[in-house]
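Novice: Please find one structure pasted underneath; my questions will follow.
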There are 2 protein chains.
Amino acid sequence: MPRTASFFPTLFCRESCDARELAELTRLATPIRFDGGQTIFREGDVARSAFGLSQGVVRLYRLLPDGRRQVVAFALPGDFLAMPLGDRFSFSGDAVGEVSICRFPREELKRLIQTNPGIMRQLIEFAANELQSAQDQLTLLGNGSAEERVVSFLVNWRRRVARQTPPSQAVPLPMRRQDIADFLGLKLETVSRTFAKLEQRNAIRIVPHGVVLMRPEQGALVAEGGGAS
Amino acid sequence: MPRTASFFPTLFCRESCDARELAELTRLATPIRFDGGQTIFREGDVARSAFGLSQGVVRLYRLLPDGRRQVVAFALPGDFLAMPLGDRFSFSGDAVGEVSICRFPREELKRLIQTNPGIMRQLIEFAANELQSAQDQLTLLGNGSAEERVVSFLVNWRRRVARQTPPSQAVPLPMRRQDIADFLGLKLETVSRTFAKLEQRNAIRIVPHGVVLMRPEQGALVAEGGGAS
DNA sequence: CGGCTACTTGACATCTATCAACCGGGGTGG
DNA sequence: CCACCCCGGTTGATAGATGTCAAGTAGCCG
């Protein structure tokens with residue numbers, strides 16, 4: 001269990017960290033790697049496995065029959081990819097850049113969860129967080145202008161990324177404009193234009209694979225509360 | 001425990017129905033009534049209680065600082081109002097017409113849940129459903145036109161209502177246009193116009209406190225999958 | 001160096017929001 | 001019992017924001 005270490009600590013050791021439970025989990029986990037663009041699991045597939053993200057970024061999305069796409073969340077290291085309940089995936093996930101995954105056999109994981117109240121509690125908490133995030137996102141898509149959506153995305157993304165690699169002025173944006181657009185319910189041109197507008201206003205600076213959020217505007221930008229999963 | 005009966009069966013007896021657990025739950029529950037428009041709980045309040053809906057319809061919503069509102073869901077009998085986790089309500093709920101509620105003291109309910117795997121499982125399943133619904137709604141708000149949103153709402157609402165009072169051609173809409181608008185991320189005028197357009201097309205008929213969904217169009221209308229909580 | 005892909009920018013179309021007037025039913029008070 | 005008022009809903013005219021289509025630019029990889 002080499003690379004695995006970077007995953008468990010974030011996910012399971014936040015509060016209740018039982019050594020035995022952790023050992024069990026580690027025993028079940030199989031580490032896998034994916035290249036950028038590869039699909040990890042597909043909406044509708046029978047969920048034989050559950051996944052945890054160790055390294056990299058994963059976009060979770062749904063495809064509509066006519067090809068439209070809704071990105072449900074961007075996962076960061078420590079996040080679950082898909083809740084290990086329900087026997088089919090309710091969305092697809094693919095790698096944005098290289099990623100390291102922990103794969104769990106679903107049935108065994110399920111059994112482990114049902115017999116370990118500690119893990120069970122963690123799972124419920126995780127679900128509650130997800131729900132909260134989904135409702136934040138819902139509120140944003142229901143009421144926000146293009147600019148509010150983009151700003152909210154940047155602020156939330158920065159907060160989440162900062163948790164992983166603390167000190168850094170620039171916020172990396174490994175995903176494409178199209179991904180951001182599909183996450184925010186906008187078109188990529190609108191995202192691009194909004195970025196440009198924010199830059200003209202000196203709220204951000206656009207850099208090769210990310211943005212720099214400028215100090216002064218940050219306060220004014222906040223407004224919205226929660227955000228992505 | 002008189003009126004209470006109409007709540008528990010739907011919520012807790014769908015699958016695993018343990019007589020002892022049910023008895024415990026019933027012991028904790030206090031029935032309350034509210035008139036239309038009354039607020040049952042408020043976003044941000046400390047959640048001393050958890051609530052289950054016995055009769056009527058409740059709108060669950062968030063208020064943004066500038067007064068905009070996002071209706072997160074319309075609850076029907078058998079639904080939980082707010083997940084009994086987290087120590088503050090993450091949204092408000094108020095009665096649409098008269099409602100009957102079951103009130104649970106949160107701490108005791110929590111204890112009961114943590115010691116009863118059956119109830120725990122139910123709760124997780126409920127949370128998973130909620131999450132699924134939230135993501136459906138997210139997809140709708142992110143990609144749907146006004147008409148798609150309204151149609152999706154009507155179809156999903158009909159399905160949910162039908163579960164309660166099976167045979168009825170007309171779909172009751174006890175909530176106001178403004179509520180529907182805030183649920184769908186539209187303005188009430190747009191909702192009204194969309195209703196009118198659908199009626200002109202003979203897809204629906206607008207009746208005093210509801211609509212009738214016409215047979216032929218129904219097939220064409222479906223398109224979207226899931227929906228409200 | 002060439003070609004691909006992501007991204008940006010521009011002109012224009014479309015949709016929904018906005019502002020405002022109007023309609024109609026239910027309840028209240030005369 | 002009738003008239004009025006109030007509220008929710010509908011409808012119209014107009015404006016603003018985002019989507020659409022299309023061209024053009026920049027960075028990356030072979």
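Identifiers in this document derive from the order of the structure tokens: chains are assigned A, B, ..., residues are numbered from 1 separately in each chain, and ligands are numbered from 1 in order of occurrence.
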Which residues come within 9 Å of Leu184 (chain A), counting only C-alpha atoms (C1' of nucleotides), excluding same-chain residues fewer than 6 positions away, as an MDAnalysis selection string?

Specialist: (chainID A and resid 70:71 137 140:141 146 149:150 153 191) or (chainID B and resid 142)

Novice: Show me a table, sorted first by chain and then by increasing residue number, of the residues of chain B having an atom at most 7 Å from chain A, each with its shortest atom pair and the distance in Å to one decimal, counting only C-alpha atoms and written as CSV.

Specialist:
residue,atom,partner,partner_atom,distance
B:Gln70,CA,A:Thr139,CA,5.6
B:Val72,CA,A:Gln135,CA,6.9
B:Ile124,CA,A:Ile124,CA,6.5
B:Ala127,CA,A:Ala127,CA,6.7
B:Leu131,CA,A:Leu131,CA,5.4
B:Ala134,CA,A:Ala134,CA,6.1
B:Gln135,CA,A:Ala134,CA,6.7
B:Leu138,CA,A:Leu138,CA,5.5
B:Thr139,CA,A:Gln70,CA,5.5
B:Leu141,CA,A:Leu141,CA,6.1
B:Gly142,CA,A:Gly185,CA,4.0
B:Asn143,CA,A:Gly185,CA,6.1
B:Leu184,CA,A:Gly142,CA,6.8
B:Gly185,CA,A:Gly142,CA,4.0

Novice: Selection from above, all heavy atoms, as a CSV table (one decimal), in the first residue's frame, can you write it?

Specialist:
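Result file follows (again.csv):
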chain,number,residue,atom,x,y,z
B,70,GLN,N,-34.2,30.7,-3.3
B,70,GLN,CA,-34.1,29.5,-4.0
B,70,GLN,C,-34.9,28.4,-3.3
B,70,GLN,O,-34.6,28.0,-2.2
B,70,GLN,CB,-32.7,29.0,-4.2
B,70,GLN,CG,-32.6,27.7,-4.9
B,70,GLN,CD,-33.0,27.8,-6.4
B,70,GLN,OE1,-32.7,28.8,-7.1
B,70,GLN,NE2,-33.7,26.8,-6.9
B,72,VAL,N,-35.6,24.9,-2.6
B,72,VAL,CA,-34.7,23.7,-2.8
B,72,VAL,C,-35.6,22.5,-3.1
B,72,VAL,O,-35.2,21.6,-3.8
B,72,VAL,CB,-33.9,23.5,-1.5
B,72,VAL,CG1,-33.3,22.1,-1.4
B,72,VAL,CG2,-32.9,24.6,-1.3
B,124,ILE,N,-29.5,6.8,5.5
B,124,ILE,CA,-28.5,6.9,4.4
B,124,ILE,C,-29.2,6.8,3.0
B,124,ILE,O,-28.9,7.6,2.1
B,124,ILE,CB,-27.5,5.8,4.5
B,124,ILE,CG1,-26.6,6.1,5.8
B,124,ILE,CG2,-26.6,5.8,3.3
B,124,ILE,CD1,-25.4,5.1,5.9
B,127,ALA,N,-30.8,10.0,2.3
B,127,ALA,CA,-29.8,11.0,2.0
B,127,ALA,C,-29.3,10.8,0.5
B,127,ALA,O,-29.2,11.8,-0.2
B,127,ALA,CB,-28.6,11.0,2.9
B,131,LEU,N,-29.7,13.5,-2.5
B,131,LEU,CA,-28.5,13.9,-3.3
B,131,LEU,C,-28.8,13.7,-4.8
B,131,LEU,O,-28.5,14.6,-5.6
B,131,LEU,CB,-27.3,13.1,-2.9
B,131,LEU,CG,-26.0,13.6,-3.4
B,131,LEU,CD1,-25.8,15.0,-3.0
B,131,LEU,CD2,-24.9,12.7,-2.9
B,134,ALA,N,-31.1,16.4,-5.9
B,134,ALA,CA,-30.5,17.7,-6.0
B,134,ALA,C,-29.7,17.7,-7.3
B,134,ALA,O,-29.6,18.7,-8.0
B,134,ALA,CB,-29.5,17.9,-4.8
B,135,GLN,N,-29.0,16.6,-7.7
B,135,GLN,CA,-28.3,16.6,-8.9
B,135,GLN,C,-29.1,16.6,-10.1
B,135,GLN,O,-28.8,17.3,-11.1
B,135,GLN,CB,-27.3,15.4,-8.9
B,135,GLN,CG,-26.2,15.6,-8.0
B,135,GLN,CD,-25.3,14.4,-7.8
B,135,GLN,OE1,-25.6,13.3,-8.3
B,135,GLN,NE2,-24.2,14.5,-7.1
B,138,LEU,N,-30.1,20.2,-10.4
B,138,LEU,CA,-28.9,20.9,-10.8
B,138,LEU,C,-28.7,20.8,-12.4
B,138,LEU,O,-28.5,21.8,-13.0
B,138,LEU,CB,-27.7,20.3,-10.2
B,138,LEU,CG,-26.6,21.2,-9.6
B,138,LEU,CD1,-26.1,20.6,-8.4
B,138,LEU,CD2,-25.5,21.3,-10.7
B,139,THR,N,-28.9,19.6,-12.9
B,139,THR,CA,-28.8,19.4,-14.3
B,139,THR,C,-29.9,20.2,-15.0
B,139,THR,O,-29.6,20.8,-16.1
B,139,THR,CB,-29.0,17.9,-14.6
B,139,THR,OG1,-28.0,17.2,-13.8
B,139,THR,CG2,-28.7,17.6,-16.1
B,141,LEU,N,-31.4,23.0,-13.9
B,141,LEU,CA,-31.2,24.4,-13.9
B,141,LEU,C,-30.0,24.8,-14.7
B,141,LEU,O,-29.9,26.0,-15.2
B,141,LEU,CB,-31.0,24.9,-12.4
B,141,LEU,CG,-32.1,24.7,-11.5
B,141,LEU,CD1,-31.9,25.6,-10.2
B,141,LEU,CD2,-33.4,25.1,-12.1
B,142,GLY,N,-29.1,23.9,-14.9
B,142,GLY,CA,-27.9,24.2,-15.7
B,142,GLY,C,-28.1,24.2,-17.2
B,142,GLY,O,-27.5,24.9,-17.9
B,143,ASN,N,-29.0,23.3,-17.6
B,143,ASN,CA,-29.1,23.1,-19.0
B,143,ASN,C,-30.5,23.4,-19.6
B,143,ASN,O,-30.6,23.4,-20.8
B,143,ASN,CB,-28.8,21.7,-19.4
B,143,ASN,CG,-27.3,21.3,-19.0
B,143,ASN,OD1,-26.4,22.1,-19.4
B,143,ASN,ND2,-27.2,20.3,-18.3
B,184,LEU,N,-37.5,26.8,-9.9
B,184,LEU,CA,-37.0,26.5,-11.2
B,184,LEU,C,-36.0,27.5,-11.7
B,184,LEU,O,-35.4,27.4,-12.8
B,184,LEU,CB,-38.1,26.4,-12.3
B,184,LEU,CG,-39.2,25.3,-12.0
B,184,LEU,CD1,-40.3,25.4,-13.1
B,184,LEU,CD2,-38.5,24.0,-12.1
B,185,GLY,N,-35.7,28.5,-10.9
B,185,GLY,CA,-34.8,29.5,-11.3
B,185,GLY,C,-35.3,30.4,-12.4
B,185,GLY,O,-34.5,30.8,-13.3

Novice: Going by DSSP on the backbone, which bits of region 57-213 of chain B are helix (DSSP H, G or I)? Write them as number ranges by chain, please.

Specialist: B: 106-115, 117-143, 146-164, 177-184, 188-200

Novice: For each of B:Leu198, B:Arg111, B:Glu189, B:Leu25, take the minimum atom-to-atom distance to chain D, counting only C-alpha atoms (C1' of nucleotides), then give the residue where this is smallest.

Specialist: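 That would be B:Glu189, the residue with the smallest distance to chain D.
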
Novice: Taking only C-alpha atoms (C1' of nucleotides) into account, find every residue of chain A that has an atom no more than 9 Å from chain C, and write it out as a list in words.

Specialist: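 The answer, sorted by residue number, is Arg176, Arg177, Glu189, Ser192, Arg193 and Ala196 of chain A.
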
Novice: Using DSSP on the backbone coordinates, identify all residues within region 36-224 of chain B classified as strand (DSSP E or B); present the result as number ranges by chain.

Specialist: B: 39-41, 46, 49-63, 69-75, 80-81, 88, 92-105, 170-172, 204-207, 210-213

Novice: What's the separation between CA of Arg158 (chain B) and CA of Phe74 (chain B), in Å to one decimal place?

Specialist: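 Interatomic distance, CA of Arg158 (chain B) to CA of Phe74 (chain B): 12.3 Å.
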
Novice: Could you please tell me, as a PyMOL selection string, which residues of chain D have an atom within 10 Å of chain B when using only C-alpha atoms (C1' of nucleotides)?

Specialist: chain D and resi 8-11

Novice: Just write the chosen residues, all heavy atoms, as a short mmCIF file (atom, residue, chain, number, x, y, z; two decimals), in the first residue's frame.

Specialist:
data_model
loop_
_atom_site.label_atom_id
_atom_site.label_comp_id
_atom_site.auth_asym_id
_atom_site.auth_seq_id
_atom_site.Cartn_x
_atom_site.Cartn_y
_atom_site.Cartn_z
P DG D 8 -50.67 36.81 -2.60
OP1 DG D 8 -50.32 35.92 -1.49
OP2 DG D 8 -49.81 37.93 -3.00
"O5'" DG D 8 -50.92 35.91 -3.88
"C5'" DG D 8 -52.00 34.99 -3.87
"C4'" DG D 8 -52.42 34.73 -5.28
"O4'" DG D 8 -52.99 35.93 -5.84
"C3'" DG D 8 -51.25 34.34 -6.19
"O3'" DG D 8 -51.59 33.12 -6.82
"C2'" DG D 8 -51.13 35.50 -7.16
"C1'" DG D 8 -52.51 36.12 -7.14
N9 DG D 8 -52.52 37.55 -7.42
C8 DG D 8 -51.77 38.53 -6.81
N7 DG D 8 -52.00 39.73 -7.27
C5 DG D 8 -52.97 39.53 -8.25
C6 DG D 8 -53.62 40.47 -9.09
O6 DG D 8 -53.47 41.69 -9.15
N1 DG D 8 -54.54 39.84 -9.94
C2 DG D 8 -54.79 38.49 -9.95
N2 DG D 8 -55.71 38.06 -10.83
N3 DG D 8 -54.19 37.60 -9.16
C4 DG D 8 -53.30 38.19 -8.35
P DG D 9 -50.58 32.45 -7.85
OP1 DG D 9 -50.84 31.00 -7.81
OP2 DG D 9 -49.24 32.98 -7.61
"O5'" DG D 9 -51.11 33.00 -9.24
"C5'" DG D 9 -52.43 32.68 -9.64
"C4'" DG D 9 -52.74 33.45 -10.89
"O4'" DG D 9 -52.69 34.86 -10.61
"C3'" DG D 9 -51.75 33.23 -12.04
"O3'" DG D 9 -52.43 32.56 -13.09
"C2'" DG D 9 -51.30 34.62 -12.46
"C1'" DG D 9 -52.31 35.52 -11.78
N9 DG D 9 -51.76 36.82 -11.41
C8 DG D 9 -50.83 37.09 -10.43
N7 DG D 9 -50.56 38.36 -10.33
C5 DG D 9 -51.35 38.96 -11.30
C6 DG D 9 -51.47 40.33 -11.65
O6 DG D 9 -50.90 41.30 -11.18
N1 DG D 9 -52.39 40.50 -12.69
C2 DG D 9 -53.09 39.49 -13.30
N2 DG D 9 -53.92 39.83 -14.27
N3 DG D 9 -52.99 38.21 -12.97
C4 DG D 9 -52.10 38.03 -11.97
P DT D 10 -51.65 32.10 -14.41
OP1 DT D 10 -52.35 30.93 -14.94
OP2 DT D 10 -50.19 32.06 -14.11
"O5'" DT D 10 -51.92 33.31 -15.41
"C5'" DT D 10 -53.27 33.67 -15.70
"C4'" DT D 10 -53.28 34.91 -16.56
"O4'" DT D 10 -52.72 36.01 -15.82
"C3'" DT D 10 -52.48 34.82 -17.86
"O3'" DT D 10 -53.39 35.01 -18.94
"C2'" DT D 10 -51.44 35.92 -17.75
"C1'" DT D 10 -52.07 36.86 -16.73
N1 DT D 10 -51.14 37.68 -15.93
C2 DT D 10 -51.14 39.04 -16.10
O2 DT D 10 -51.86 39.61 -16.89
N3 DT D 10 -50.26 39.72 -15.30
C4 DT D 10 -49.40 39.17 -14.35
O4 DT D 10 -48.67 39.89 -13.69
C5 DT D 10 -49.44 37.74 -14.23
C7 DT D 10 -48.55 37.04 -13.24
C6 DT D 10 -50.29 37.06 -15.01
P DT D 11 -52.97 34.72 -20.44
OP1 DT D 11 -54.20 34.37 -21.20
OP2 DT D 11 -51.83 33.79 -20.43
"O5'" DT D 11 -52.46 36.13 -20.96
"C5'" DT D 11 -53.33 37.26 -20.90
"C4'" DT D 11 -52.58 38.51 -21.21
"O4'" DT D 11 -51.76 38.90 -20.09
"C3'" DT D 11 -51.64 38.43 -22.43
"O3'" DT D 11 -52.08 39.38 -23.39
"C2'" DT D 11 -50.26 38.77 -21.87
"C1'" DT D 11 -50.61 39.54 -20.60
N1 DT D 11 -49.59 39.53 -19.52
C2 DT D 11 -49.17 40.72 -19.00
O2 DT D 11 -49.57 41.80 -19.39
N3 DT D 11 -48.24 40.60 -17.99
C4 DT D 11 -47.72 39.43 -17.48
O4 DT D 11 -46.89 39.45 -16.57
C5 DT D 11 -48.21 38.21 -18.08
C7 DT D 11 -47.71 36.89 -17.61
C6 DT D 11 -49.11 38.32 -19.08
#

Novice: Suppose you want the space between CA of Arg42 (chain B) and CA of Gly93 (chain B); what is it in Å?

Specialist: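 Taking CA of Arg42 (chain B) and CA of Gly93 (chain B), their separation equals 6.5 Å.
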
Novice: Can you tell me how far CA of Ala82 (chain B) sits from CA of Glu43 (chain B), in Å to one decimal?

Specialist: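 The value is 10.0 Å.
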
Novice: Using only C-alpha atoms (C1' of nucleotides), which residues sit within 12 Å of Ile40 (chain A) once same-chain residues fewer than 4 positions away are excluded, as a count of residues only?

Specialist: 32
